[in-house]
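Colleague: Dropping in start.pdb, which is PDB, C-alpha atoms:
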ATOM      1  CA  MET A   1     -18.881   4.735  14.092
ATOM      2  CA  SER A   2     -19.481   1.006  14.296
ATOM      3  CA  TRP A   3     -16.607  -1.179  13.169
ATOM      4  CA  GLY A   4     -18.531  -4.483  13.165
ATOM      5  CA  PRO A   5     -16.871  -7.781  12.207
ATOM      6  CA  LYS A   6     -15.138  -6.335   9.129
ATOM      7  CA  GLY A   7     -13.772  -3.494  11.223
ATOM      8  CA  THR A   8     -12.148  -5.997  13.554
ATOM      9  CA  GLU A   9     -10.451  -7.621  10.553
ATOM     10  CA  VAL A  10      -9.273  -4.219   9.329
ATOM     11  CA  ARG A  11      -7.834  -3.327  12.739
ATOM     12  CA  HIS A  12      -6.065  -6.729  12.815
ATOM     13  CA  LEU A  13      -4.568  -6.125   9.355
ATOM     14  CA  ILE A  14      -3.518  -2.600  10.281
ATOM     15  CA  ASN A  15      -1.854  -3.989  13.408
ATOM     16  CA  SER A  16      -0.076  -6.537  11.188
ATOM     17  CA  VAL A  17       1.167  -3.732   8.954
ATOM     18  CA  VAL A  18       2.476  -1.839  11.991
ATOM     19  CA  VAL A  19       4.201  -4.995  13.238
ATOM     20  CA  SER A  20       5.673  -5.522   9.766
ATOM     21  CA  PHE A  21       7.030  -1.956   9.819
ATOM     22  CA  THR A  22       8.558  -2.567  13.223
ATOM     23  CA  LEU A  23      10.120  -5.858  12.182
ATOM     24  CA  TRP A  24      11.596  -4.257   9.079
ATOM     25  CA  GLY A  25      12.871  -1.271  11.041
ATOM     26  CA  PHE A  26      10.594   1.303   9.444
ATOM     27  CA  VAL A  27       9.197   4.177  11.441
ATOM     28  CA  ALA A  28       5.445   4.535  11.842
ATOM     29  CA  GLY A  29       5.683   8.064  10.447
ATOM     30  CA  ALA A  30       5.749   7.026   6.826
ATOM     31  CA  GLU A  31       5.653  10.697   5.959
ATOM     32  CA  ALA A  32       9.412  10.367   5.564
ATOM     33  CA  MET A  33       8.643   9.265   2.022
ATOM     34  CA  GLN A  34       9.613  12.131  -0.211
ATOM     35  CA  THR A  35       9.112  12.834  -3.872
ATOM     36  CA  PRO A  36      12.057  14.039  -5.899
ATOM     37  CA  ALA A  37      12.435  17.832  -5.812
ATOM     38  CA  ARG A  38      11.480  18.087  -9.484
ATOM     39  CA  SER A  39       7.729  18.070  -8.866
ATOM     40  CA  GLU A  40       5.043  18.284  -6.221
ATOM     41  CA  ALA A  41       2.950  15.711  -8.101
ATOM     42  CA  SER A  42       3.144  12.079  -7.093
ATOM     43  CA  PRO A  43       5.934  10.304  -8.961
ATOM     44  CA  SER A  44       5.458   7.539 -11.473
ATOM     45  CA  TYR A  45       5.794   4.001 -10.173
ATOM     46  CA  ASP A  46       9.490   3.840 -11.015
ATOM     47  CA  ALA A  47      10.547   7.042  -9.233
ATOM     48  CA  SER A  48      13.142   6.763  -6.493
ATOM     49  CA  ILE A  49      11.597   7.136  -3.022
ATOM     50  CA  ILE A  50      13.173   7.402   0.431
ATOM     51  CA  LEU A  51      11.495   5.971   3.541
ATOM     52  CA  ALA A  52      13.225   6.123   6.925
ATOM     53  CA  GLY A  53      16.576   6.678   5.254
ATOM     54  CA  ARG A  54      16.195   3.739   2.893
ATOM     55  CA  GLU A  55      15.826   4.208  -0.868
ATOM     56  CA  PHE A  56      13.290   2.283  -2.940
ATOM     57  CA  GLY A  57      13.567   1.951  -6.697
ATOM     58  CA  GLU A  58       9.982   1.183  -7.690
ATOM     59  CA  ILE A  59       6.661   2.166  -6.176
ATOM     60  CA  ALA A  60       3.541   0.076  -6.706
ATOM     61  CA  LYS A  61       0.486   2.330  -6.530
ATOM     62  CA  VAL A  62      -2.259  -0.017  -5.341
ATOM     63  CA  LYS A  63      -5.867   1.116  -5.062
ATOM     64  CA  VAL A  64      -9.104  -0.667  -4.190
ATOM     65  CA  ASP A  65     -12.304   1.091  -5.229
ATOM     66  CA  ARG A  66     -15.711   0.921  -3.563
ATOM     67  CA  ALA A  67     -16.769  -1.981  -5.767
ATOM     68  CA  GLY A  68     -13.674  -3.987  -4.806
ATOM     69  CA  ARG A  69     -11.820  -3.538  -8.108
ATOM     70  CA  ILE A  70      -8.049  -3.677  -7.630
ATOM     71  CA  TYR A  71      -5.794  -1.256  -9.481
ATOM     72  CA  LEU A  72      -2.033  -1.433  -9.866
ATOM     73  CA  ASN A  73      -0.448   1.722 -11.260
ATOM     74  CA  GLY A  74      -3.759   2.816 -12.751
ATOM     75  CA  ARG A  75      -4.735  -0.504 -14.368
ATOM     76  CA  ILE A  76      -7.293  -3.014 -13.143
ATOM     77  CA  VAL A  77      -5.664  -6.301 -12.105
ATOM     78  CA  THR A  78      -6.771  -9.540 -10.501
ATOM     79  CA  LEU A  79      -5.646 -10.415  -7.002
ATOM     80  CA  GLU A  80      -3.415 -13.164  -8.412
ATOM     81  CA  ASN A  81      -1.749 -10.744 -10.847
ATOM     82  CA  LEU A  82      -1.250  -8.279  -8.010
ATOM     83  CA  LYS A  83       0.418 -10.957  -5.896
ATOM     84  CA  ARG A  84       2.810 -11.804  -8.743
ATOM     85  CA  GLU A  85       3.702  -8.133  -9.192
ATOM     86  CA  LEU A  86       4.184  -7.597  -5.459
ATOM     87  CA  SER A  87       6.579 -10.544  -5.448
ATOM     88  CA  ARG A  88       8.520  -8.882  -8.262
ATOM     89  CA  PHE A  89       8.528  -5.559  -6.384
ATOM     90  CA  HIS A  90       9.993  -7.334  -3.354
ATOM     91  CA  LYS A  91      12.858  -8.636  -5.512
ATOM     92  CA  VAL A  92      13.658  -5.149  -6.849
ATOM     93  CA  ASN A  93      13.523  -3.398  -3.471
ATOM     94  CA  GLY A  94      10.139  -1.822  -4.137
ATOM     95  CA  ALA A  95       7.505  -0.303  -1.894
ATOM     96  CA  VAL A  96       3.734   0.183  -2.017
ATOM     97  CA  TRP A  97       1.491   3.219  -1.876
ATOM     98  CA  TYR A  98      -1.978   1.968  -0.908
ATOM     99  CA  HIS A  99      -5.274   3.814  -1.227
ATOM    100  CA  ARG A 100      -8.816   2.613  -0.636
ATOM    101  CA  GLU A 101     -11.798   4.606  -1.778
ATOM    102  CA  ASN A 102     -14.211   5.573   0.966
ATOM    103  CA  PRO A 103     -11.859   4.635   3.831
ATOM    104  CA  HIS A 104     -14.367   5.636   6.505
ATOM    105  CA  GLN A 105     -16.777   2.851   5.540
ATOM    106  CA  ASP A 106     -16.393  -0.903   5.895
ATOM    107  CA  PRO A 107     -13.940  -2.169   3.270
ATOM    108  CA  PRO A 108     -14.859  -4.599   0.525
ATOM    109  CA  PRO A 109     -13.349  -8.086   1.043
ATOM    110  CA  GLU A 110     -10.870  -7.393  -1.746
ATOM    111  CA  ALA A 111      -9.306  -4.593   0.327
ATOM    112  CA  LEU A 112      -8.502  -7.018   3.125
ATOM    113  CA  ALA A 113      -7.061  -9.500   0.622
ATOM    114  CA  VAL A 114      -4.889  -6.766  -0.921
ATOM    115  CA  LEU A 115      -3.518  -5.692   2.461
ATOM    116  CA  GLN A 116      -2.740  -9.317   3.280
ATOM    117  CA  ALA A 117      -0.948  -9.708  -0.077
ATOM    118  CA  ILE A 118       1.181  -6.642   0.694
ATOM    119  CA  ILE A 119       2.046  -8.049   4.118
ATOM    120  CA  ASP A 120       2.817 -11.487   2.657
ATOM    121  CA  ALA A 121       5.141  -9.887   0.081
ATOM    122  CA  ARG A 122       6.962  -8.167   2.974
ATOM    123  CA  LEU A 123       6.858  -4.785   1.277
ATOM    124  CA  PRO A 124       6.947  -1.429   3.034
ATOM    125  CA  VAL A 125       3.653   0.372   2.529
ATOM    126  CA  LYS A 126       2.427   3.934   2.827
ATOM    127  CA  LEU A 127      -1.313   4.180   3.482
ATOM    128  CA  LEU A 128      -2.750   7.178   1.638
ATOM    129  CA  GLU A 129      -6.099   8.776   2.309
ATOM    130  CA  LYS A 130      -5.880  10.885  -0.858
ATOM    131  CA  ASP A 131      -6.195   9.124  -4.216
ATOM    132  CA  PHE A 132      -3.034   9.303  -6.306
ATOM    133  CA  ASP A 133      -4.831   8.945  -9.682
TER     134      ASP A 133
END
As a first step, turn the structure in this file into structure tokens.

Modeller:
Amino acid sequence: MSWGPKGTEVRHLINSVVVSFTLWGFVAGAEAMQTPARSEASPSYDASIILAGREFGEIAKVKVDRAGRIYLNGRIVTLENLKRELSRFHKVNGAVWYHRENPHQDPPPEALAVLQAIIDARLPVKLLEKDFD
């Protein structure tokens, strides 16, 4: 697999996410996130989640599709609207579940911008290979 120039940017952003986790005291094994016992399905965005012993009140489900469209909790949003919402999630002790369609291919530029917005908002993030929609 050839990473090319975009792949280098992706690796840099992923390294930034790992550094952010370390600085915030989160473990790399984000599998510590658990859904409430009531259901095996993924919870709605406002379900209580636990990551590394810390509870989060709201979860922002962020997805970038192959065409670069950005979704927040199932609705298409602009990057600017996403940034505003991520800022709000930071204030309410939120976290992010992030999914990108076709993760084994080079990402659209919007995916890099979304990851940077999550990092800038200083939110814990769980990278998901499986789509939550």

Colleague: Enclose all atoms of segment 112-123 of chain A listed in the file in an axis-aligned box, grow every side by 5 Å, and hand back centre and edge lengths in Å to one decimal, as lines of an AutoDock Vina configuration file.

Modeller:
center_x = -0.8
center_y = -8.1
center_z = 1.6
size_x = 25.5
size_y = 16.7
size_z = 15.0

Colleague: If you measure from atom CA of Pro124 of chain A to atom CA of Phe89 of chain A, what distance in Å do you get, rounded to one decimal?

Modeller: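 Separation between atom CA of Pro124 of chain A and atom CA of Phe89 of chain A: 10.4 Å.
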
Colleague: Smallest atom-to-atom distance to Lys63 of chain A: which of A:Tyr98, A:Val125, A:Glu85, A:Ile118, using only C-alpha atoms?

Modeller: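 Among the listed residues, A:Tyr98 lies closest to Lys63 of chain A.
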
Colleague: Evaluate the PyMOL selection byres ((chain A and resi 77) around 12) here and jot the selected residues down as a list in words.

Modeller: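 Expected selection for the PyMOL selection byres ((chain A and resi 77) around 12) here is Lys61, Val62, Lys63, Val64, Gly68, Arg69, Ile70, Tyr71, Leu72, Asn73, Gly74, Arg75, Ile76, Thr78, Leu79, Glu80, Asn81, Leu82, Lys83, Arg84, Glu85, Leu86, Glu110 and Val114 of chain A.
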
Colleague: Mind giving me the straight-line distance from atom CA of Lys91 of chain A to atom CA of Ile59 of chain A in Å, one decimal?

Modeller: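 Going from atom CA of Lys91 of chain A over to atom CA of Ile59 of chain A covers 12.5 Å.
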
Colleague: Which residues, written as a list of chain:residue names, have at least one atom at most 12 Å from Ala67 of chain A, with all atoms listed in the file counted and residues fewer than 5 positions away on the same chain left out?

Modeller: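 Counting only the stated atoms, we get A:Arg100, A:Glu101, A:Asn102, A:Asp106, A:Pro107, A:Pro108, A:Pro109, A:Glu110, A:Ala111.
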
Colleague: Using C-alpha atoms, can you write the selected residues to a file as a JSON list (two decimals), in the coordinates of the input?

Modeller:
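Output saved as result.json:
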[["chain", "number", "residue", "atom", "x", "y", "z"],
["A", 100, "ARG", "CA", -8.82, 2.61, -0.64],
["A", 101, "GLU", "CA", -11.80, 4.61, -1.78],
["A", 102, "ASN", "CA", -14.21, 5.57, 0.97],
["A", 106, "ASP", "CA", -16.39, -0.90, 5.90],
["A", 107, "PRO", "CA", -13.94, -2.17, 3.27],
["A", 108, "PRO", "CA", -14.86, -4.60, 0.52],
["A", 109, "PRO", "CA", -13.35, -8.09, 1.04],
["A", 110, "GLU", "CA", -10.87, -7.39, -1.75],
["A", 111, "ALA", "CA", -9.31, -4.59, 0.33]]

Colleague: Rounded to one decimal place, report the atom CA of Pro103 of chain A-atom CA of Arg122 of chain A distance in Å.

Modeller: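 A separation of 22.8 Å between them.
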
Colleague: To verify the selection step, state as a PDB file with C-alpha atoms, keeping the file's coordinate frame which residues the PyMOL selection byres ((chain A and resi 93) around 8) yields on this input.

Modeller:
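Listed below is the output, expr.pdb:
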ATOM      1  CA  PHE A  56      13.290   2.283  -2.940  1.00  0.00           C
ATOM      2  CA  GLY A  57      13.567   1.951  -6.697  1.00  0.00           C
ATOM      3  CA  GLU A  58       9.982   1.183  -7.690  1.00  0.00           C
ATOM      4  CA  PHE A  89       8.528  -5.559  -6.384  1.00  0.00           C
ATOM      5  CA  HIS A  90       9.993  -7.334  -3.354  1.00  0.00           C
ATOM      6  CA  LYS A  91      12.858  -8.636  -5.512  1.00  0.00           C
ATOM      7  CA  VAL A  92      13.658  -5.149  -6.849  1.00  0.00           C
ATOM      8  CA  GLY A  94      10.139  -1.822  -4.137  1.00  0.00           C
ATOM      9  CA  ALA A  95       7.505  -0.303  -1.894  1.00  0.00           C
TER      10      ALA A  95
END

Colleague: With distances taken over all atoms listed in the file, which residue among A:Ser87, A:Gln105, A:Trp97, A:Ala60 lies nearest Lys126 of chain A?

Modeller: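 Nearest candidate to Lys126 of chain A out of A:Ser87, A:Gln105, A:Trp97, A:Ala60: A:Trp97.
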
Colleague: So that I can check the surroundings of Asp131 of chain A, please list as a list in words every protein, DNA and RNA residue that reaches within 7 Å of it, counting all atoms listed in the file and ignoring chain neighbours fewer than 2 positions away.

Modeller: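 Counting only the stated atoms, we get His99, Glu129 and Asp133 of chain A.
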
Colleague: Dump C-alpha atoms for the selected residues as a PDB file, in the coordinates of the input?

Modeller:
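File result_35.pdb, as written:
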ATOM      1  CA  HIS A  99      -5.274   3.814  -1.227  1.00  0.00           C
ATOM      2  CA  GLU A 129      -6.099   8.776   2.309  1.00  0.00           C
ATOM      3  CA  ASP A 133      -4.831   8.945  -9.682  1.00  0.00           C
TER       4      ASP A 133
END
